[in-house]
file coords19.txt (compact mmCIF, C-alpha atoms)
# COMPACT_ATOMS: atom_id res chain seq x y z
CA MET Q 6 81.80 85.47 117.39
CA GLU Q 7 84.81 83.36 116.53
CA LEU Q 8 86.84 84.03 113.41
CA ARG Q 9 89.35 81.60 111.96
CA PHE Q 10 91.62 82.80 109.20
CA GLU Q 11 95.20 82.75 108.05
CA LEU Q 12 97.31 85.72 109.07
CA ASN Q 13 100.76 86.05 107.53
CA GLY Q 14 100.88 82.35 106.78
CA LYS Q 15 99.75 81.15 110.19
CA PRO Q 16 96.29 79.96 111.27
CA VAL Q 17 94.69 82.39 113.72
CA THR Q 18 91.53 82.27 115.82
CA ALA Q 19 90.16 85.55 117.11
CA GLU Q 20 87.07 86.61 119.03
CA ILE Q 21 85.42 89.44 117.09
CA GLU Q 22 82.34 91.68 117.27
CA ALA Q 23 79.69 91.09 114.58
CA GLY Q 24 80.29 94.37 112.76
CA GLU Q 25 83.99 94.68 113.41
CA LEU Q 26 86.25 95.71 110.56
CA LEU Q 27 89.33 93.76 109.56
CA PHE Q 28 91.49 96.79 110.34
CA ASP Q 29 90.53 96.76 114.04
CA VAL Q 30 91.03 93.01 114.36
CA LEU Q 31 94.48 93.18 112.77
CA ARG Q 32 95.56 95.97 115.12
CA ARG Q 33 94.32 93.93 118.06
CA LEU Q 34 96.37 90.98 116.84
CA GLY Q 35 99.47 93.15 116.91
CA CYS Q 36 99.77 94.16 113.25
CA TYR Q 37 100.62 97.79 113.95
CA SER Q 38 101.82 98.50 110.40
CA VAL Q 39 98.12 98.65 109.48
CA LYS Q 40 96.82 102.16 110.16
CA CYS Q 41 93.68 104.12 109.42
CA GLY Q 42 94.54 107.46 107.91
CA CYS Q 43 91.35 108.96 106.53
CA GLU Q 44 88.12 107.37 107.84
CA THR Q 45 86.67 107.87 104.35
CA THR Q 46 87.87 104.72 102.52
CA ASN Q 47 90.26 106.76 100.44
CA CYS Q 48 93.87 106.98 101.59
CA GLY Q 49 95.23 103.45 101.13
CA LEU Q 50 97.12 103.44 104.43
CA CYS Q 51 95.23 100.42 105.74
CA THR Q 52 96.12 98.29 102.67
CA VAL Q 53 96.53 94.57 103.35
CA TRP Q 54 96.36 91.59 101.00
CA VAL Q 55 93.34 89.33 101.10
CA ASP Q 56 94.10 86.10 99.25
CA GLY Q 57 96.95 88.01 97.60
CA LYS Q 58 94.89 91.01 96.45
CA PRO Q 59 95.36 94.48 97.92
CA MET Q 60 92.30 95.68 99.81
CA LEU Q 61 91.35 98.43 102.24
CA SER Q 62 91.15 96.67 105.61
CA CYS Q 63 89.17 99.62 106.99
CA SER Q 64 86.21 98.52 104.86
CA VAL Q 65 86.39 94.74 104.99
CA PRO Q 66 83.99 93.15 107.47
CA ALA Q 67 86.25 90.97 109.61
CA ALA Q 68 83.69 88.16 109.71
CA ARG Q 69 83.98 87.81 105.93
CA MET Q 70 87.61 86.71 106.37
CA GLU Q 71 86.64 83.24 107.67
CA ASN Q 72 88.95 80.75 105.88
CA HIS Q 73 90.68 83.51 103.90
CA ALA Q 74 94.36 84.46 103.96
CA VAL Q 75 95.36 87.94 105.10
CA THR Q 76 98.85 89.35 104.66
CA THR Q 77 100.13 92.49 106.37
CA MET Q 78 103.56 94.09 106.19
CA GLU Q 79 104.52 92.08 109.28
CA GLY Q 80 104.39 89.02 107.02
CA LEU Q 81 106.47 90.62 104.26
CA GLN Q 82 109.39 91.95 106.29
CA GLU Q 83 112.07 90.98 103.82
CA GLU Q 84 110.28 92.30 100.73
CA ALA Q 85 109.26 95.49 102.54
CA ALA Q 86 112.81 96.14 103.71
CA ARG Q 87 114.12 95.63 100.18
CA PHE Q 88 111.75 98.19 98.65
CA GLY Q 89 112.00 100.44 101.74
CA ALA Q 90 115.72 100.83 101.08
CA PHE Q 91 114.90 102.31 97.66
CA LEU Q 92 112.43 104.74 99.24
CA ALA Q 93 115.07 105.82 101.75
CA LYS Q 94 117.79 106.15 99.13
CA GLU Q 95 115.62 108.42 97.01
CA GLY Q 96 114.67 110.52 100.03
CA ALA Q 97 111.07 109.77 99.15
CA GLU Q 98 109.72 109.64 102.67
CA GLN Q 99 109.13 112.66 104.81
CA CYS Q 100 106.97 111.77 107.80
CA GLY Q 101 106.72 108.15 106.65
CA PHE Q 102 103.18 107.67 107.99
CA CYS Q 103 101.77 106.51 104.64
CA SER Q 104 104.66 104.14 103.86
CA PRO Q 105 103.24 100.80 105.11
CA GLY Q 106 100.12 101.05 102.91
CA PHE Q 107 102.19 102.33 100.02
CA ILE Q 108 104.73 99.52 100.31
CA MET Q 109 101.96 96.90 100.48
CA ASN Q 110 100.45 98.27 97.28
CA VAL Q 111 103.79 98.53 95.46
CA LEU Q 112 104.48 94.87 96.29
CA ALA Q 113 100.96 93.93 95.13
CA MET Q 114 101.52 95.83 91.90
CA GLU Q 115 104.82 94.04 91.36
CA LYS Q 116 103.03 90.69 91.70
CA GLU Q 117 100.17 91.68 89.42
CA LEU Q 118 101.83 93.71 86.67
CA CYS Q 119 105.40 92.47 86.52
CA ARG Q 120 104.80 88.94 85.31
CA ASP Q 121 107.39 87.47 82.92
CA GLY Q 122 109.93 90.18 83.71
CA ARG Q 123 107.73 92.94 82.37
CA ILE Q 124 108.17 96.45 83.78
CA PRO Q 125 105.02 98.56 83.69
CA GLU Q 126 104.96 102.00 82.09
CA LYS Q 127 105.08 105.10 84.30
CA GLU Q 128 101.38 105.82 83.69
CA GLU Q 129 100.42 102.25 84.63
CA ILE Q 130 102.40 102.56 87.86
CA ARG Q 131 100.80 105.90 88.70
CA GLU Q 132 97.35 104.51 88.06
CA TYR Q 133 97.94 101.41 90.20
CA LEU Q 134 99.26 103.51 93.08
CA ALA Q 135 96.71 106.33 92.79
CA GLY Q 136 94.80 105.01 95.79
CA ASN Q 137 97.73 105.68 98.15
CA LEU Q 138 97.74 109.24 99.36
CA CYS Q 139 100.79 111.04 100.71
CA ARG Q 140 100.23 114.50 102.16
CA CYS Q 141 103.92 115.44 102.52
CA THR Q 142 105.21 114.95 99.02
CA GLY Q 143 104.32 115.22 95.36
CA TYR Q 144 105.04 111.51 94.76
CA VAL Q 145 108.14 112.33 92.66
CA GLY Q 146 110.57 110.60 95.03
CA GLN Q 147 108.26 107.61 95.39
CA MET Q 148 108.01 107.24 91.62
CA ARG Q 149 111.81 107.34 91.31
CA ALA Q 150 112.09 104.68 94.01
CA VAL Q 151 109.44 102.43 92.44
CA GLU Q 152 110.96 102.63 88.97
CA LYS Q 153 114.50 101.95 90.21
CA TYR Q 154 113.27 99.11 92.43
CA LEU Q 155 111.38 97.44 89.57
CA ARG Q 156 114.27 97.87 87.15
CA GLU Q 157 116.77 96.37 89.59
CA SER Q 158 114.57 93.53 90.79
CA ARG Q 159 113.51 92.63 87.25
CA GLY Q 160 117.13 92.84 86.13
CA MET A 14 79.75 104.80 112.31
CA ILE A 15 77.36 101.87 112.51
CA THR A 16 76.75 99.49 115.38
CA VAL A 17 75.98 95.91 114.41
CA ARG A 18 74.30 93.26 116.56
CA ASN A 19 74.56 90.15 114.34
CA TYR A 20 76.37 89.05 111.23
CA VAL A 21 74.87 86.42 108.93
CA LYS A 22 76.20 84.94 105.71
CA PRO A 23 73.07 83.39 104.21
CA ALA A 24 73.31 80.06 102.38
CA THR A 25 70.48 80.92 99.96
CA VAL A 26 69.08 84.07 98.35
CA GLU A 27 65.71 83.25 99.96
CA GLU A 28 67.32 83.40 103.39
CA ALA A 29 68.97 86.71 102.51
CA TYR A 30 65.63 88.05 101.28
CA GLU A 31 63.77 86.97 104.41
CA LEU A 32 66.39 88.55 106.66
CA ASN A 33 66.27 91.73 104.63
CA GLN A 34 62.55 92.22 105.23
CA LYS A 35 63.33 93.55 108.70
CA ARG A 36 63.96 97.27 108.58
CA ALA A 37 66.78 97.02 111.12
CA ASN A 38 68.75 94.61 108.94
CA ARG A 39 71.06 95.61 106.13
CA VAL A 40 72.62 93.96 103.09
CA ILE A 41 76.30 94.70 102.50
CA GLY A 42 78.18 94.58 99.24
CA GLY A 43 81.78 95.73 99.61
CA MET A 44 80.88 97.76 102.72
CA MET A 45 82.79 100.74 101.33
CA TRP A 46 79.97 103.22 101.95
CA VAL A 47 77.98 101.36 104.61
CA ARG A 48 80.87 101.69 107.06
CA MET A 49 80.61 105.46 106.75
CA SER A 50 76.89 105.56 107.45
CA LYS A 51 75.37 105.99 110.88
CA GLY A 52 72.95 104.04 113.04
CA ASN A 53 72.24 100.65 114.55
CA VAL A 54 72.04 97.58 112.37
CA GLY A 55 70.28 94.46 113.66
CA THR A 56 71.78 91.92 111.28
CA LEU A 57 74.40 92.58 108.67
CA ILE A 58 73.52 90.38 105.69
CA ASP A 59 76.65 89.31 103.82
CA LEU A 60 75.92 88.01 100.31
CA SER A 61 79.48 86.80 99.76
CA GLY A 62 78.62 83.13 100.35
CA LEU A 63 76.15 82.82 97.46
CA GLY A 64 78.56 82.49 94.55
CA MET A 65 77.32 85.73 93.03
CA ASP A 66 80.81 87.03 92.31
CA LYS A 67 81.18 85.89 88.73
CA ILE A 68 80.84 87.45 85.29
CA VAL A 69 79.30 84.92 82.93
CA GLU A 70 79.44 85.50 79.20
CA GLU A 71 76.60 83.87 77.26
CA GLU A 72 75.77 84.03 73.60
CA GLU A 73 73.47 87.03 73.87
CA GLN A 74 74.37 88.64 77.17
CA PHE A 75 76.75 89.09 80.06
CA ARG A 76 75.47 88.21 83.52
CA ILE A 77 77.34 90.13 86.18
CA GLY A 78 76.83 88.81 89.73
CA CYS A 79 76.00 91.48 92.28
CA MET A 80 79.09 90.64 94.35
CA CYS A 81 81.52 91.11 91.46
CA THR A 82 84.03 93.78 92.29
CA LEU A 83 84.64 96.91 90.25
CA ARG A 84 88.12 95.52 89.58
CA GLN A 85 86.57 92.45 87.94
CA LEU A 86 84.57 94.75 85.63
CA GLU A 87 87.69 96.73 84.87
CA GLN A 88 89.72 93.67 83.94
CA HIS A 89 87.14 91.42 82.26
CA GLU A 90 88.34 90.79 78.72
CA GLY A 91 84.97 89.74 77.29
CA LEU A 92 83.11 92.78 78.62
CA ASN A 93 85.80 95.18 77.56
CA SER A 94 86.18 93.79 74.08
CA ALA A 95 82.39 93.72 73.54
CA PHE A 96 82.05 97.38 74.56
CA ALA A 97 85.42 98.81 73.50
CA GLY A 98 86.88 99.30 76.96
CA VAL A 99 83.91 101.16 78.46
CA PHE A 100 84.07 99.09 81.65
CA GLU A 101 87.76 99.77 82.12
CA GLU A 102 87.26 103.47 81.53
CA CYS A 103 84.30 103.85 83.89
CA THR A 104 86.08 102.08 86.76
CA ARG A 105 89.76 102.96 86.58
CA HIS A 106 89.35 106.44 88.07
CA ILE A 107 87.49 105.21 91.14
CA VAL A 108 89.64 105.80 94.25
CA GLY A 109 92.32 103.12 93.82
CA VAL A 110 92.94 99.46 93.05
CA GLN A 111 92.44 98.47 96.70
CA PHE A 112 89.05 100.16 96.78
CA ARG A 113 88.00 98.56 93.51
CA ASN A 114 89.01 95.13 94.84
CA GLY A 115 86.40 95.62 97.56
CA ALA A 116 83.56 97.71 96.10
CA THR A 117 80.89 95.63 94.38
CA VAL A 118 78.86 96.22 91.22
CA GLY A 119 75.69 95.34 93.14
CA GLY A 120 76.47 97.98 95.75
CA SER A 121 77.00 100.62 93.06
CA VAL A 122 73.82 99.74 91.18
CA PHE A 123 71.50 99.12 94.14
CA GLY A 124 72.73 102.30 95.85
CA ARG A 125 71.79 104.37 92.77
CA PHE A 126 74.32 106.91 93.93
CA GLY A 127 74.32 110.35 92.38
CA PHE A 128 78.08 110.15 91.80
CA SER A 129 78.15 106.69 90.23
CA ASP A 130 80.35 106.11 87.19
CA ILE A 131 79.11 102.52 86.96
CA LEU A 132 75.43 103.43 86.81
CA THR A 133 76.14 106.05 84.13
CA ALA A 134 77.98 103.54 81.94
CA LEU A 135 75.48 100.71 82.41
CA LEU A 136 72.55 102.99 81.53
CA ALA A 137 74.00 103.71 78.10
CA LEU A 138 73.96 99.96 77.34
CA ASP A 139 71.02 97.59 77.08
CA THR A 140 71.11 96.69 80.76
CA SER A 141 68.60 95.05 83.09
CA VAL A 142 68.77 94.00 86.70
CA LYS A 143 67.56 90.71 88.13
CA LEU A 144 65.82 91.14 91.46
CA TYR A 145 65.03 88.10 93.57
CA LYS A 146 61.28 88.75 93.95
CA ARG A 147 60.45 91.20 91.23
CA GLY A 148 62.40 89.47 88.47
CA ILE A 149 64.07 91.20 85.54
CA VAL A 150 63.62 94.96 85.31
CA PRO A 151 65.24 97.33 82.78
CA LEU A 152 67.93 99.37 84.52
CA ALA A 153 66.39 102.69 83.41
CA GLU A 154 63.20 101.67 85.25
CA PHE A 155 65.09 100.38 88.29
CA VAL A 156 66.94 103.68 88.64
CA GLU A 157 63.63 105.50 89.08
CA MET A 158 62.10 102.94 91.45
CA GLU A 159 61.77 103.62 95.17
CA ARG A 160 64.42 101.72 97.09
CA ASP A 161 62.80 98.57 98.47
CA ARG A 162 63.95 95.46 100.34
CA ASP A 163 64.38 93.11 97.38
CA ILE A 164 67.75 91.47 96.68
CA LEU A 165 69.64 92.48 93.55
CA GLU A 166 71.07 89.23 92.20
CA GLU A 167 72.69 90.19 88.94
CA ILE A 168 73.10 92.80 86.26
CA ILE A 169 72.41 91.67 82.72
CA VAL A 170 74.06 93.48 79.81
CA ARG A 171 72.85 92.46 76.37
CA LYS A 172 75.45 91.89 73.65
CA ASP A 173 73.55 93.81 70.98
CA LYS A 174 76.60 95.05 69.03
CA ARG A 175 76.02 98.48 70.50
CA ARG A 176 79.12 100.64 70.37
CA ALA A 177 79.84 102.72 73.40
CA VAL A 178 82.19 105.29 74.84
CA TYR A 179 82.65 106.74 78.34
CA PHE A 180 84.04 110.09 79.51
CA SER A 181 84.19 111.77 82.88
CA GLU A 182 85.52 115.07 84.14
CA ARG A 183 87.18 115.13 87.55
CA MET A 184 88.95 117.75 89.62
CA SER A 185 91.69 115.23 90.38
CA SER A 186 92.19 111.73 89.09
CA THR A 187 90.61 109.67 91.88
CA ASP A 188 87.93 112.12 93.01
CA PHE A 189 84.20 111.71 92.37
CA PRO A 190 83.32 112.90 88.87
CA ILE A 191 82.05 116.45 88.38
CA LEU A 192 80.15 114.97 85.48
CA ALA A 193 80.02 111.50 83.91
CA CYS A 194 78.91 110.78 80.35
CA ALA A 195 78.35 107.53 78.48
CA VAL A 196 77.08 107.38 74.91
CA SER A 197 76.24 104.35 72.83
CA GLU A 198 75.05 103.92 69.28
CA LYS A 199 73.15 101.18 67.52
CA ASP A 200 71.49 101.45 64.10
CA ARG A 201 72.13 105.22 64.14
CA VAL A 202 70.19 105.70 67.35
CA TYR A 203 72.27 107.25 70.10
CA ARG A 204 71.68 106.68 73.80
CA VAL A 205 73.15 109.34 76.05
CA SER A 206 73.52 108.77 79.78
CA ILE A 207 74.63 111.60 82.07
CA GLY A 208 75.55 111.00 85.71
CA ALA A 209 77.00 112.93 88.64
CA ARG A 210 74.78 115.91 87.74
CA PRO A 211 75.15 115.54 90.84
CA MET A 212 72.12 113.27 90.95
CA ARG A 213 71.58 109.70 89.83
CA ALA A 214 72.25 109.08 86.17
CA SER A 215 69.49 109.16 83.57
CA CYS A 216 69.46 108.59 79.85
CA ILE A 217 67.76 109.70 76.63
CA GLU A 218 67.73 108.35 73.09
CA GLY A 219 67.59 109.87 69.63
CA THR A 220 69.24 110.44 66.25
CA GLU A 221 72.50 112.35 65.91
CA GLU A 222 70.52 115.46 64.94
CA GLU A 223 68.32 115.12 68.03
CA MET A 224 71.37 114.66 70.25
CA LYS A 225 72.85 118.03 69.24
CA ASP A 226 71.18 119.75 72.15
CA ALA A 227 70.79 116.62 74.29
CA TYR A 228 72.58 118.34 77.16
CA ARG A 229 69.60 120.69 77.56
CA ARG A 230 67.29 117.77 78.29
CA PHE A 231 69.00 116.90 81.59
CA SER A 232 68.72 118.79 84.85
CA TYR A 233 71.83 119.79 86.79
CA GLY A 234 72.60 120.80 90.34
CA SER A 235 75.41 122.55 92.16
CA ASN A 236 77.72 121.25 94.87
CA MET A 237 81.30 121.81 96.01
CA ARG A 238 82.63 120.23 92.80
CA GLY A 239 80.85 122.51 90.37
CA SER A 240 77.84 124.69 89.59
CA SER A 241 74.83 123.57 87.57
CA GLU A 242 75.92 125.96 84.76
CA TYR A 243 79.39 124.39 84.65
CA ARG A 244 77.90 120.90 84.58
CA GLU A 245 75.60 121.82 81.72
CA HIS A 246 78.59 123.16 79.80
CA LEU A 247 80.57 119.98 80.53
CA ALA A 248 77.65 117.84 79.37
CA GLU A 249 77.51 119.67 76.05
CA VAL A 250 81.25 119.14 75.50
CA LEU A 251 81.39 115.52 76.67
CA ILE A 252 78.35 114.44 74.64
CA ARG A 253 79.83 116.03 71.52
CA ARG A 254 83.21 114.39 72.14
CA ALA A 255 81.56 111.04 72.73
CA ILE A 256 79.53 111.18 69.51
CA ASN A 257 82.64 112.27 67.58
CA ALA A 258 84.63 109.41 69.11
CA LEU A 259 81.99 106.90 67.99
CA LYS A 260 81.96 108.38 64.48
CA GLU A 261 85.77 108.36 64.29
CA ARG A 262 85.72 104.66 65.05
CA ASP A 263 83.57 104.20 61.94
CA ALA A 264 85.93 106.14 59.72

call {"tool": "encode", "arguments": {"input": "coords19.txt", "output": "structure tokens"}}
result
Amino acid sequence: MELRFELNGKPVTAEIEAGELLFDVLRRLGCYSVKCGCETTNCGLCTVWVDGKPMLSCSVPAARMENHAVTTMEGLQEEAARFGAFLAKEGAEQCGFCSPGFIMNVLAMEKELCRDGRIPEKEEIREYLAGNLCRCTGYVGQMRAVEKYLRESRG
Amino acid sequence: MITVRNYVKPATVEEAYELNQKRANRVIGGMMWVRMSKGNVGTLIDLSGLGMDKIVEEEEQFRIGCMCTLRQLEQHEGLNSAFAGVFEECTRHIVGVQFRNGATVGGSVFGRFGFSDILTALLALDTSVKLYKRGIVPLAEFVEMERDRDILEEIIVRKDKRRAVYFSERMSSTDFPILACAVSEKDRVYRVSIGARPMRASCIEGTEEEMKDAYRRFSYGSNMRGSSEYREHLAEVLIRRAINALKERDA
């Protein structure tokens, strides 16, 4: 079946299988930042934005995306690079495999919780990012990076 | 993994119902759990085109559309102020924000999962479900019903000034609960709902005195998260804490 949706700001038409998941379609369209890490709808690595909201693309039926807007990290290069520099500076990444999903969710959190220059509390940040698993670290470096990033970008 | 032959987004609930009468067909909510099941599906029935993704507050009740996400429940001001944050508390530990933006209330309720936080919380309130053919059924009755091929349209929570509180115990913050407990009180009658026993939630009612050994009136099982003995102990503690929390609010 034919699917028409917006991908990273551009209209896209793709031929999809009836039960195909958004994750598979995005990979096929060349969005290789989107990865499946757990197969159990848990790890957050496949996070994309659907109409601006972070969702697990591994569990979204692709057909449901008709006329919706999907954003992957490929569409947020500048923002991702800006936050990525904080991750690197804090030595937060080890293998880096979970970073794309994590970055997508940090940027979603920034949009949702940091309105009017507000900086969320540590506990709020931890709760928002709890659905992004990292098996290398204890999240301490990531938390440092997120807090510094939010402080600097919110001035 | 499932294999799907067709995908249909019905334009009416009647169409969804008719399609769902075929055993090979399957309704999807958020598709969080369906994707992990196995087998061949004839037609995947997507209810997302029916406008059932809204929470409507009326004078005497809230009507929660089956396609509302858990995140909507978590963030809905009216629901959370009417029931003192119970909906935020029973959702915020579930996997992560991305998951809760996809998972639907209808999926949680219709699935009657043994690990469900949502079912546990809703059972402690005056909740009914609206089924397309069968009509309105109290949730406590629906939980015990055999799973059939009706369509769950909405969940109705009465605004009866019931006060409620929700607790769960988890091994780690986003894991399934080892035990879930919701308690409400109205006119000095307590309603205690215990879920993740690890079987579907159920509830009992009584006075404070009668609720002292309420934990003994539920059955418990063992799985990798905990033994039945541990769950019974947790139930005793959580019920007591919940009743104390409700009484402290009075003070």

call {"tool": "closest_residue", "arguments": {"input": "coords19.txt", "among": "A:Val108, A:Val142, A:Ala37, A:Met44", "to": "Phe75 of chain A", "atoms": "only C-alpha atoms"}}
result
A:Val142

call {"tool": "residues_around", "arguments": {"input": "coords19.txt", "residues": "segment 17-26 of chain Q", "least_positions_apart": "3", "cutoff": "8 Å", "atoms": "all atoms listed in the file", "output": "short mmCIF file (atom, residue, chain, number, x, y, z; two decimals) with C-alpha atoms, in the coordinates of the input"}}
result
data_model
loop_
_atom_site.label_atom_id
_atom_site.label_comp_id
_atom_site.auth_asym_id
_atom_site.auth_seq_id
_atom_site.Cartn_x
_atom_site.Cartn_y
_atom_site.Cartn_z
CA MET Q 6 81.80 85.47 117.39
CA GLU Q 7 84.81 83.36 116.53
CA LEU Q 8 86.84 84.03 113.41
CA ARG Q 9 89.35 81.60 111.96
CA PHE Q 10 91.62 82.80 109.20
CA GLU Q 11 95.20 82.75 108.05
CA LEU Q 12 97.31 85.72 109.07
CA ASP Q 29 90.53 96.76 114.04
CA VAL Q 30 91.03 93.01 114.36
CA SER Q 62 91.15 96.67 105.61
CA CYS Q 63 89.17 99.62 106.99
CA SER Q 64 86.21 98.52 104.86
CA VAL Q 65 86.39 94.74 104.99
CA PRO Q 66 83.99 93.15 107.47
CA ALA Q 67 86.25 90.97 109.61
CA ALA Q 68 83.69 88.16 109.71
CA THR A 16 76.75 99.49 115.38
CA VAL A 17 75.98 95.91 114.41
CA ARG A 18 74.30 93.26 116.56
CA ASN A 19 74.56 90.15 114.34
CA TYR A 20 76.37 89.05 111.23
CA LEU A 57 74.40 92.58 108.67
#

call {"tool": "residues_around", "arguments": {"input": "coords19.txt", "residues": "Thr82 of chain A", "least_positions_apart": "4", "cutoff": "7 Å", "atoms": "only C-alpha atoms", "output": "number ranges by chain"}}
result
A: 86, 113-118

call {"tool": "closest_residue", "arguments": {"input": "coords19.txt", "among": "Q:Glu44, Q:Asp56, Q:Glu71, Q:Glu95", "to": "Val145 of chain Q", "atoms": "all atoms listed in the file"}}
result
Q:Glu95

call {"tool": "residues_around", "arguments": {"input": "coords19.txt", "residues": "Lys67 of chain A", "least_positions_apart": "3", "cutoff": "8 Å", "atoms": "all atoms listed in the file", "output": "number ranges by chain"}}
result
A: 64, 77-78, 80-81

call {"tool": "axis_aligned_box", "arguments": {"input": "coords19.txt", "around": "segment 25-32 of chain Q", "padding_each_side": "6 Å", "output": "AutoDock Vina command-line options"}}
result
--center_x 89.8 --center_y 94.9 --center_z 112.3 --size_x 23.6 --size_y 15.8 --size_z 17.6

call {"tool": "residues_around", "arguments": {"input": "coords19.txt", "residues": "Gly80 of chain Q", "least_positions_apart": "2", "cutoff": "9 Å", "atoms": "all atoms listed in the file", "output": "PDB file with C-alpha atoms, in the frame of the given file"}}
result
ATOM      1  CA  LEU Q  12      97.310  85.720 109.070  1.00  0.00           C
ATOM      2  CA  ASN Q  13     100.760  86.050 107.530  1.00  0.00           C
ATOM      3  CA  GLY Q  14     100.880  82.350 106.780  1.00  0.00           C
ATOM      4  CA  THR Q  76      98.850  89.350 104.660  1.00  0.00           C
ATOM      5  CA  THR Q  77     100.130  92.490 106.370  1.00  0.00           C
ATOM      6  CA  MET Q  78     103.560  94.090 106.190  1.00  0.00           C
ATOM      7  CA  GLN Q  82     109.390  91.950 106.290  1.00  0.00           C
ATOM      8  CA  GLU Q  83     112.070  90.980 103.820  1.00  0.00           C
TER       9      GLU Q  83
END

call {"tool": "residues_around", "arguments": {"input": "coords19.txt", "residues": "Phe231 of chain A", "least_positions_apart": "6", "cutoff": "10 Å", "atoms": "only C-alpha atoms", "output": "list of chain:residue names"}}
result
A:Ser206, A:Ile207, A:Gly208, A:Arg210, A:Ala214, A:Ser215, A:Cys216, A:Ile217, A:Glu245, A:Ala248

call {"tool": "atom_distance", "arguments": {"input": "coords19.txt", "atom1": "atom CA of Ser241 of chain A", "atom2": "atom CA of Glu221 of chain A"}}
result
24.5 Å

call {"tool": "atom_distance", "arguments": {"input": "coords19.txt", "atom1": "atom CA of Thr220 of chain A", "atom2": "atom CA of Tyr203 of chain A"}}
result
5.8 Å

call {"tool": "closest_residue", "arguments": {"input": "coords19.txt", "among": "Q:Glu157, Q:Glu128, Q:Asp121, Q:Val53", "to": "Ile108 of chain Q", "atoms": "all atoms listed in the file"}}
result
Q:Val53

call {"tool": "residues_near_point", "arguments": {"input": "coords19.txt", "point": "(75.8, 83.8, 80.0)", "cutoff": "12 Å", "atoms": "only C-alpha atoms", "output": "list in words"}}
result
Lys67, Ile68, Val69, Glu70, Glu71, Glu72, Glu73, Gln74, Phe75, Arg76, Ile77, Gly78, Gly91, Leu92, Glu167, Ile168, Ile169, Val170, Arg171 and Lys172 of chain A

call {"tool": "write_last_selection", "arguments": {"input": "coords19.txt", "atoms": "C-alpha atoms", "output": "compact mmCIF listing (two decimals), in the frame of the given file"}}
result
# COMPACT_ATOMS: atom_id res chain seq x y z
CA LYS A 67 81.18 85.89 88.73
CA ILE A 68 80.84 87.45 85.29
CA VAL A 69 79.30 84.92 82.93
CA GLU A 70 79.44 85.50 79.20
CA GLU A 71 76.60 83.87 77.26
CA GLU A 72 75.77 84.03 73.60
CA GLU A 73 73.47 87.03 73.87
CA GLN A 74 74.37 88.64 77.17
CA PHE A 75 76.75 89.09 80.06
CA ARG A 76 75.47 88.21 83.52
CA ILE A 77 77.34 90.13 86.18
CA GLY A 78 76.83 88.81 89.73
CA GLY A 91 84.97 89.74 77.29
CA LEU A 92 83.11 92.78 78.62
CA GLU A 167 72.69 90.19 88.94
CA ILE A 168 73.10 92.80 86.26
CA ILE A 169 72.41 91.67 82.72
CA VAL A 170 74.06 93.48 79.81
CA ARG A 171 72.85 92.46 76.37
CA LYS A 172 75.45 91.89 73.65

call {"tool": "atom_distance", "arguments": {"input": "coords19.txt", "atom1": "atom CA of Arg39 of chain A", "atom2": "atom CA of Cys43 of chain Q"}}
result
24.3 Å

call {"tool": "closest_residue", "arguments": {"input": "coords19.txt", "among": "A:Cys194, A:Met45, A:Cys79, A:Val99", "to": "chain Q", "atoms": "all atoms listed in the file"}}
result
A:Met45

call {"tool": "closest_residue", "arguments": {"input": "coords19.txt", "among": "A:Val54, A:Ile149, A:Val205, A:Leu60", "to": "Leu135 of chain A", "atoms": "only C-alpha atoms"}}
result
A:Val205

call {"tool": "closest_residue", "arguments": {"input": "coords19.txt", "among": "A:Ala134, A:Val26, A:Val47, A:Val250", "to": "chain Q", "atoms": "all atoms listed in the file"}}
result
A:Val47

call {"tool": "residues_near_point", "arguments": {"input": "coords19.txt", "point": "(96.8, 108.3, 108.5)", "cutoff": "10 Å", "atoms": "all atoms listed in the file", "output": "list in words"}}
result
Val39, Lys40, Cys41, Gly42, Cys43, Glu44, Cys48, Gly49, Leu50, Cys51, Phe102, Cys103, Gly106, Leu138, Cys139 and Arg140 of chain Q
